[in-house]
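Chemist: I'd like to ask some things about the structure below.
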Amino acid sequence: MALWRAYQRALANHPWKVQVLTAGSLMGLGDIISQQLVEKRGLRGHQSRRTLIMVSLGCGFVGPAVGGWYRVLDCLIPGTSKVDALKKMLLDQGCFAPCFLGSFLSLVGALNGLSAQDNWAKLWRDYPDALITNYYLWPAVQLANFYLVPLHYRLAVVQCVAVIWNSYLSWKAHRL
């Protein structure tokens, strides 16, 4: 409980920093889970650079993009009714998620040194499956998130659920 209270205080005092660091930490955790539990690399086979890339993407892209998006979404559709939550979820999943996912996969490819041509080919190969998989998980999560969770906690809630999603994304993005 003390850890939760400390997190709440830090979030109240430094909301943007805490949200970005939370996103980065949980992106890194997702990659560690992907490498250790999904890919079964073991400690000797663990690719630390890959984990650092995921942490960097969490802090530099995912946290700011998603946190900023939630603020924009609340301005576009103020309110917390069931209808408002449904509208937010539809806009999130219809507009933001496809763009975000394509950008994320492209960034991972570029940070892994893929040429523009190879990155494009990988994006065409992986994007449709990743987007379909997104729609199995995120609409329900986002509906609950937009209806039940205050704005300043939404990124943290999503990133907690996203530990599993990040494991999948890391595996998908780093699969050659």
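So you can find residues: chains in the structure tokens are A, B, ... in the order shown, residues in each start at 1, and ligands are numbered from 1 in order.
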If you count only C-alpha atoms, which residues fall within 9 Å of segment 85-93 of chain A, apart from same-chain ones fewer than 4 positions away, as a list in words?

Modeler: Trp69, Tyr70, Leu73, Asp74, Leu76, Ile77, Gly79, Thr80, Ser81, Ala97, Pro98, Asn134, Tyr135, Trp138, Pro139, Ala140, Gln142, Leu143, Ala144, Asn145, Phe146, Tyr147 and Leu148 of chain A

Chemist: Find the residues near Leu155 of chain A: any atom within 12 Å, counting only C-alpha atoms, skip ones fewer than 3 places away on the same chain, and give them as a compact mmCIF listing (two decimals) with N, CA and C atoms, in the first residue's frame.

Modeler:
# COMPACT_ATOMS: atom_id res chain seq x y z
N LEU A 11 2.73 10.83 -9.04
CA LEU A 11 1.87 11.11 -10.19
C LEU A 11 1.19 12.47 -10.04
N PRO A 15 3.00 14.47 -13.08
CA PRO A 15 2.20 13.52 -13.85
C PRO A 15 2.86 13.07 -15.16
N TRP A 16 3.40 14.00 -15.92
CA TRP A 16 3.95 13.63 -17.23
C TRP A 16 5.17 12.74 -17.08
N LYS A 17 6.09 13.12 -16.17
CA LYS A 17 7.31 12.33 -15.96
C LYS A 17 6.97 10.91 -15.49
N VAL A 18 6.07 10.82 -14.54
CA VAL A 18 5.71 9.51 -13.99
C VAL A 18 5.03 8.65 -15.05
N GLN A 19 4.16 9.23 -15.85
CA GLN A 19 3.49 8.47 -16.91
C GLN A 19 4.49 7.96 -17.93
N VAL A 20 5.44 8.80 -18.32
CA VAL A 20 6.45 8.41 -19.31
C VAL A 20 7.36 7.32 -18.75
N LEU A 21 7.80 7.49 -17.50
CA LEU A 21 8.66 6.47 -16.89
C LEU A 21 7.91 5.16 -16.66
N THR A 22 6.63 5.24 -16.32
CA THR A 22 5.82 4.04 -16.17
C THR A 22 5.72 3.30 -17.50
N ALA A 23 5.45 4.03 -18.57
CA ALA A 23 5.36 3.41 -19.89
C ALA A 23 6.68 2.75 -20.27
N GLY A 24 7.79 3.45 -20.06
CA GLY A 24 9.10 2.88 -20.40
C GLY A 24 9.41 1.63 -19.59
N LEU A 26 7.32 -0.46 -18.12
CA LEU A 26 6.45 -1.58 -18.46
C LEU A 26 6.71 -2.09 -19.88
N GLY A 58 9.24 3.20 -25.02
CA GLY A 58 8.21 3.47 -24.02
C GLY A 58 8.28 4.88 -23.48
N VAL A 62 5.89 5.83 -26.78
CA VAL A 62 4.62 5.28 -26.28
C VAL A 62 4.01 6.17 -25.19
N GLY A 63 4.79 6.47 -24.16
CA GLY A 63 4.27 7.29 -23.06
C GLY A 63 3.76 8.64 -23.54
N PRO A 64 4.60 9.41 -24.26
CA PRO A 64 4.12 10.72 -24.74
C PRO A 64 2.96 10.61 -25.73
N ALA A 65 3.02 9.66 -26.65
CA ALA A 65 1.96 9.55 -27.66
C ALA A 65 0.63 9.15 -27.03
N VAL A 66 0.64 8.11 -26.22
CA VAL A 66 -0.61 7.63 -25.63
C VAL A 66 -1.11 8.61 -24.57
N GLY A 67 -0.21 9.10 -23.71
CA GLY A 67 -0.62 10.08 -22.70
C GLY A 67 -1.20 11.34 -23.33
N GLY A 68 -0.55 11.82 -24.38
CA GLY A 68 -1.06 12.99 -25.10
C GLY A 68 -2.38 12.71 -25.78
N TRP A 69 -2.50 11.53 -26.36
CA TRP A 69 -3.73 11.14 -27.04
C TRP A 69 -4.90 11.14 -26.07
N TYR A 70 -4.68 10.61 -24.87
CA TYR A 70 -5.77 10.57 -23.89
C TYR A 70 -6.24 11.97 -23.51
N ARG A 71 -5.31 12.90 -23.43
CA ARG A 71 -5.69 14.29 -23.14
C ARG A 71 -6.50 14.88 -24.29
N VAL A 141 -10.71 -3.40 -23.14
CA VAL A 141 -9.87 -2.72 -22.15
C VAL A 141 -10.12 -1.22 -22.19
N GLN A 142 -10.14 -0.66 -23.39
CA GLN A 142 -10.30 0.79 -23.51
C GLN A 142 -11.70 1.24 -23.09
N ASN A 145 -11.50 1.34 -19.48
CA ASN A 145 -10.57 2.41 -19.10
C ASN A 145 -11.23 3.79 -19.21
N PHE A 146 -11.90 4.04 -20.31
CA PHE A 146 -12.51 5.35 -20.51
C PHE A 146 -13.74 5.56 -19.62
N VAL A 149 -11.88 4.77 -15.30
CA VAL A 149 -10.58 5.23 -14.80
C VAL A 149 -10.41 6.74 -15.03
N PRO A 150 -10.01 7.48 -13.99
CA PRO A 150 -9.73 8.92 -14.18
C PRO A 150 -8.57 9.11 -15.16
N LEU A 151 -8.58 10.23 -15.86
CA LEU A 151 -7.61 10.52 -16.91
C LEU A 151 -6.16 10.31 -16.46
N HIS A 152 -5.79 10.77 -15.29
CA HIS A 152 -4.39 10.70 -14.88
C HIS A 152 -3.92 9.28 -14.57
N VAL A 158 -3.53 1.18 -18.73
CA VAL A 158 -3.28 0.59 -20.05
C VAL A 158 -1.91 -0.08 -20.09
N GLN A 159 -0.91 0.55 -19.50
CA GLN A 159 0.43 -0.04 -19.53
C GLN A 159 0.51 -1.31 -18.69
N CYS A 160 -0.28 -1.41 -17.62
CA CYS A 160 -0.30 -2.66 -16.85
C CYS A 160 -0.88 -3.79 -17.69
N VAL A 161 -1.99 -3.53 -18.36
CA VAL A 161 -2.56 -4.53 -19.26
C VAL A 161 -1.58 -4.78 -20.41
N ALA A 162 -0.89 -3.71 -20.80
CA ALA A 162 -0.01 -3.79 -21.96
C ALA A 162 1.26 -4.59 -21.71

Chemist: Can you tell me how far atom CA of Ser34 of chain A sits from atom CA of Cys95 of chain A, in Å to one decimal?

Modeler: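 For atom CA of Ser34 of chain A relative to atom CA of Cys95 of chain A, the distance reads 27.3 Å.
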
Chemist: Would you mind reading off the distance between atom CA of Gln36 of chain A and atom CA of Val163 of chain A, one decimal, in Å?

Modeler: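 The value is 13.5 Å.
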
Chemist: Mind listing the alpha helix (DSSP H) residues of segment 10-142 of chain A, per DSSP on the backbone, as a PyMOL selection string?

Modeler: chain A and resi 10-13+15-33+42-45+48-57+63-76+82-91+97-111+116-142

Chemist: Would you list the contacts of segment 113-123 of chain A as a ChimeraX atom specification, taking every protein, DNA or RNA residue within 10 Å and counting only C-alpha atoms, but skipping same-chain residues closer than 4 positions in sequence?

Modeler: /A:101-109,127-128,130,172-176

Chemist: Include all heavy atoms and write out the residues we just selected as a short mmCIF file (atom, residue, chain, number, x, y, z; two decimals), in the first residue's frame.

Modeler:
data_model
loop_
_atom_site.label_atom_id
_atom_site.label_comp_id
_atom_site.auth_asym_id
_atom_site.auth_seq_id
_atom_site.Cartn_x
_atom_site.Cartn_y
_atom_site.Cartn_z
N LEU A 101 0.15 1.79 -34.09
CA LEU A 101 0.75 0.48 -34.30
C LEU A 101 1.72 0.50 -35.49
O LEU A 101 2.83 -0.03 -35.40
CB LEU A 101 -0.34 -0.57 -34.50
CG LEU A 101 0.09 -2.02 -34.55
CD1 LEU A 101 0.88 -2.40 -33.31
CD2 LEU A 101 -1.12 -2.92 -34.69
N GLY A 102 1.30 1.12 -36.59
CA GLY A 102 2.19 1.23 -37.75
C GLY A 102 3.44 2.03 -37.42
O GLY A 102 4.56 1.65 -37.82
N SER A 103 3.28 3.11 -36.68
CA SER A 103 4.43 3.93 -36.28
C SER A 103 5.36 3.15 -35.36
O SER A 103 6.58 3.18 -35.52
CB SER A 103 3.95 5.19 -35.57
OG SER A 103 3.18 5.98 -36.42
N PHE A 104 4.77 2.43 -34.41
CA PHE A 104 5.58 1.65 -33.47
C PHE A 104 6.41 0.60 -34.19
O PHE A 104 7.62 0.48 -33.98
CB PHE A 104 4.68 0.99 -32.41
CG PHE A 104 5.44 0.13 -31.46
CD1 PHE A 104 6.09 0.69 -30.36
CD2 PHE A 104 5.55 -1.23 -31.66
CE1 PHE A 104 6.81 -0.10 -29.49
CE2 PHE A 104 6.27 -2.03 -30.80
CZ PHE A 104 6.91 -1.46 -29.71
N LEU A 105 5.76 -0.18 -35.04
CA LEU A 105 6.49 -1.23 -35.75
C LEU A 105 7.58 -0.65 -36.65
O LEU A 105 8.68 -1.21 -36.75
CB LEU A 105 5.51 -2.09 -36.56
CG LEU A 105 4.55 -2.95 -35.74
CD1 LEU A 105 3.51 -3.61 -36.64
CD2 LEU A 105 5.29 -3.99 -34.92
N SER A 106 7.30 0.47 -37.28
CA SER A 106 8.30 1.13 -38.13
C SER A 106 9.48 1.63 -37.31
O SER A 106 10.64 1.49 -37.73
CB SER A 106 7.67 2.29 -38.89
OG SER A 106 6.66 1.83 -39.75
N LEU A 107 9.21 2.22 -36.16
CA LEU A 107 10.28 2.71 -35.28
C LEU A 107 11.17 1.57 -34.80
O LEU A 107 12.40 1.70 -34.78
CB LEU A 107 9.69 3.45 -34.09
CG LEU A 107 9.30 4.89 -34.33
CD1 LEU A 107 8.51 5.43 -33.14
CD2 LEU A 107 10.52 5.75 -34.57
N VAL A 108 10.57 0.46 -34.41
CA VAL A 108 11.37 -0.68 -33.95
C VAL A 108 12.26 -1.18 -35.08
O VAL A 108 13.45 -1.44 -34.88
CB VAL A 108 10.48 -1.82 -33.41
CG1 VAL A 108 11.30 -3.08 -33.14
CG2 VAL A 108 9.77 -1.40 -32.14
N GLY A 109 11.71 -1.27 -36.28
CA GLY A 109 12.52 -1.70 -37.42
C GLY A 109 13.68 -0.76 -37.68
O GLY A 109 14.82 -1.20 -37.88
N TYR A 127 2.05 -5.99 -39.90
CA TYR A 127 1.02 -5.03 -39.49
C TYR A 127 -0.40 -5.61 -39.47
O TYR A 127 -1.10 -5.45 -38.47
CB TYR A 127 1.10 -3.77 -40.35
CG TYR A 127 0.05 -2.74 -40.00
CD1 TYR A 127 0.23 -1.91 -38.91
CD2 TYR A 127 -1.10 -2.60 -40.77
CE1 TYR A 127 -0.73 -0.95 -38.58
CE2 TYR A 127 -2.06 -1.65 -40.44
CZ TYR A 127 -1.86 -0.84 -39.35
OH TYR A 127 -2.81 0.10 -39.03
N PRO A 128 -0.85 -6.28 -40.54
CA PRO A 128 -2.25 -6.77 -40.51
C PRO A 128 -2.53 -7.70 -39.34
O PRO A 128 -3.55 -7.55 -38.66
CB PRO A 128 -2.41 -7.49 -41.86
CG PRO A 128 -1.38 -6.87 -42.74
CD PRO A 128 -0.21 -6.55 -41.84
N ALA A 130 -0.87 -7.91 -36.48
CA ALA A 130 -0.78 -7.16 -35.22
C ALA A 130 -2.04 -6.33 -35.00
O ALA A 130 -2.55 -6.25 -33.88
CB ALA A 130 0.46 -6.26 -35.23
N LYS A 172 6.65 -9.76 -31.98
CA LYS A 172 6.27 -9.50 -33.36
C LYS A 172 7.27 -8.55 -34.04
O LYS A 172 7.69 -8.78 -35.17
CB LYS A 172 4.86 -8.90 -33.40
CG LYS A 172 4.31 -8.55 -34.76
CD LYS A 172 4.15 -9.75 -35.64
CE LYS A 172 2.78 -10.32 -35.62
NZ LYS A 172 2.64 -11.42 -36.59
N ALA A 173 7.66 -7.51 -33.33
CA ALA A 173 8.53 -6.49 -33.93
C ALA A 173 9.95 -6.99 -34.13
O ALA A 173 10.64 -6.54 -35.03
CB ALA A 173 8.54 -5.24 -33.04
N HIS A 174 10.40 -7.93 -33.31
CA HIS A 174 11.78 -8.40 -33.41
C HIS A 174 11.90 -9.73 -34.15
O HIS A 174 13.00 -10.26 -34.28
CB HIS A 174 12.39 -8.51 -32.02
CG HIS A 174 12.61 -7.17 -31.40
ND1 HIS A 174 11.70 -6.60 -30.55
CD2 HIS A 174 13.61 -6.28 -31.54
CE1 HIS A 174 12.14 -5.41 -30.19
NE2 HIS A 174 13.29 -5.18 -30.77
N ARG A 175 10.80 -10.24 -34.62
CA ARG A 175 10.82 -11.49 -35.39
C ARG A 175 11.24 -11.14 -36.81
O ARG A 175 10.68 -10.27 -37.44
CB ARG A 175 9.42 -12.08 -35.39
CG ARG A 175 9.30 -13.48 -35.86
CD ARG A 175 7.87 -13.91 -35.73
NE ARG A 175 7.04 -13.00 -36.51
CZ ARG A 175 6.20 -13.37 -37.45
NH1 ARG A 175 6.00 -14.63 -37.69
NH2 ARG A 175 5.50 -12.49 -38.12
N LEU A 176 12.25 -11.81 -37.29
CA LEU A 176 12.75 -11.50 -38.65
C LEU A 176 12.18 -12.39 -39.69
O LEU A 176 11.42 -13.09 -39.84
CB LEU A 176 14.27 -11.58 -38.70
CG LEU A 176 14.95 -10.57 -37.79
CD1 LEU A 176 16.45 -10.80 -37.82
CD2 LEU A 176 14.65 -9.15 -38.21
#

Chemist: Between atom CA of Leu29 of chain A and atom CA of Arg125 of chain A, measure the distance and give it in Å to one decimal.

Modeler: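 Atom CA of Arg125 of chain A lies at a distance of 25.4 Å from atom CA of Leu29 of chain A.
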
Chemist: Which residue gives the smallest distance to Trp165 of chain A among A:Ile33, A:Ala110, A:Val83, A:Ala6, with only C-alpha atoms counted?

Modeler: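 The shortest atom-to-atom distance to Trp165 of chain A comes from A:Ile33.
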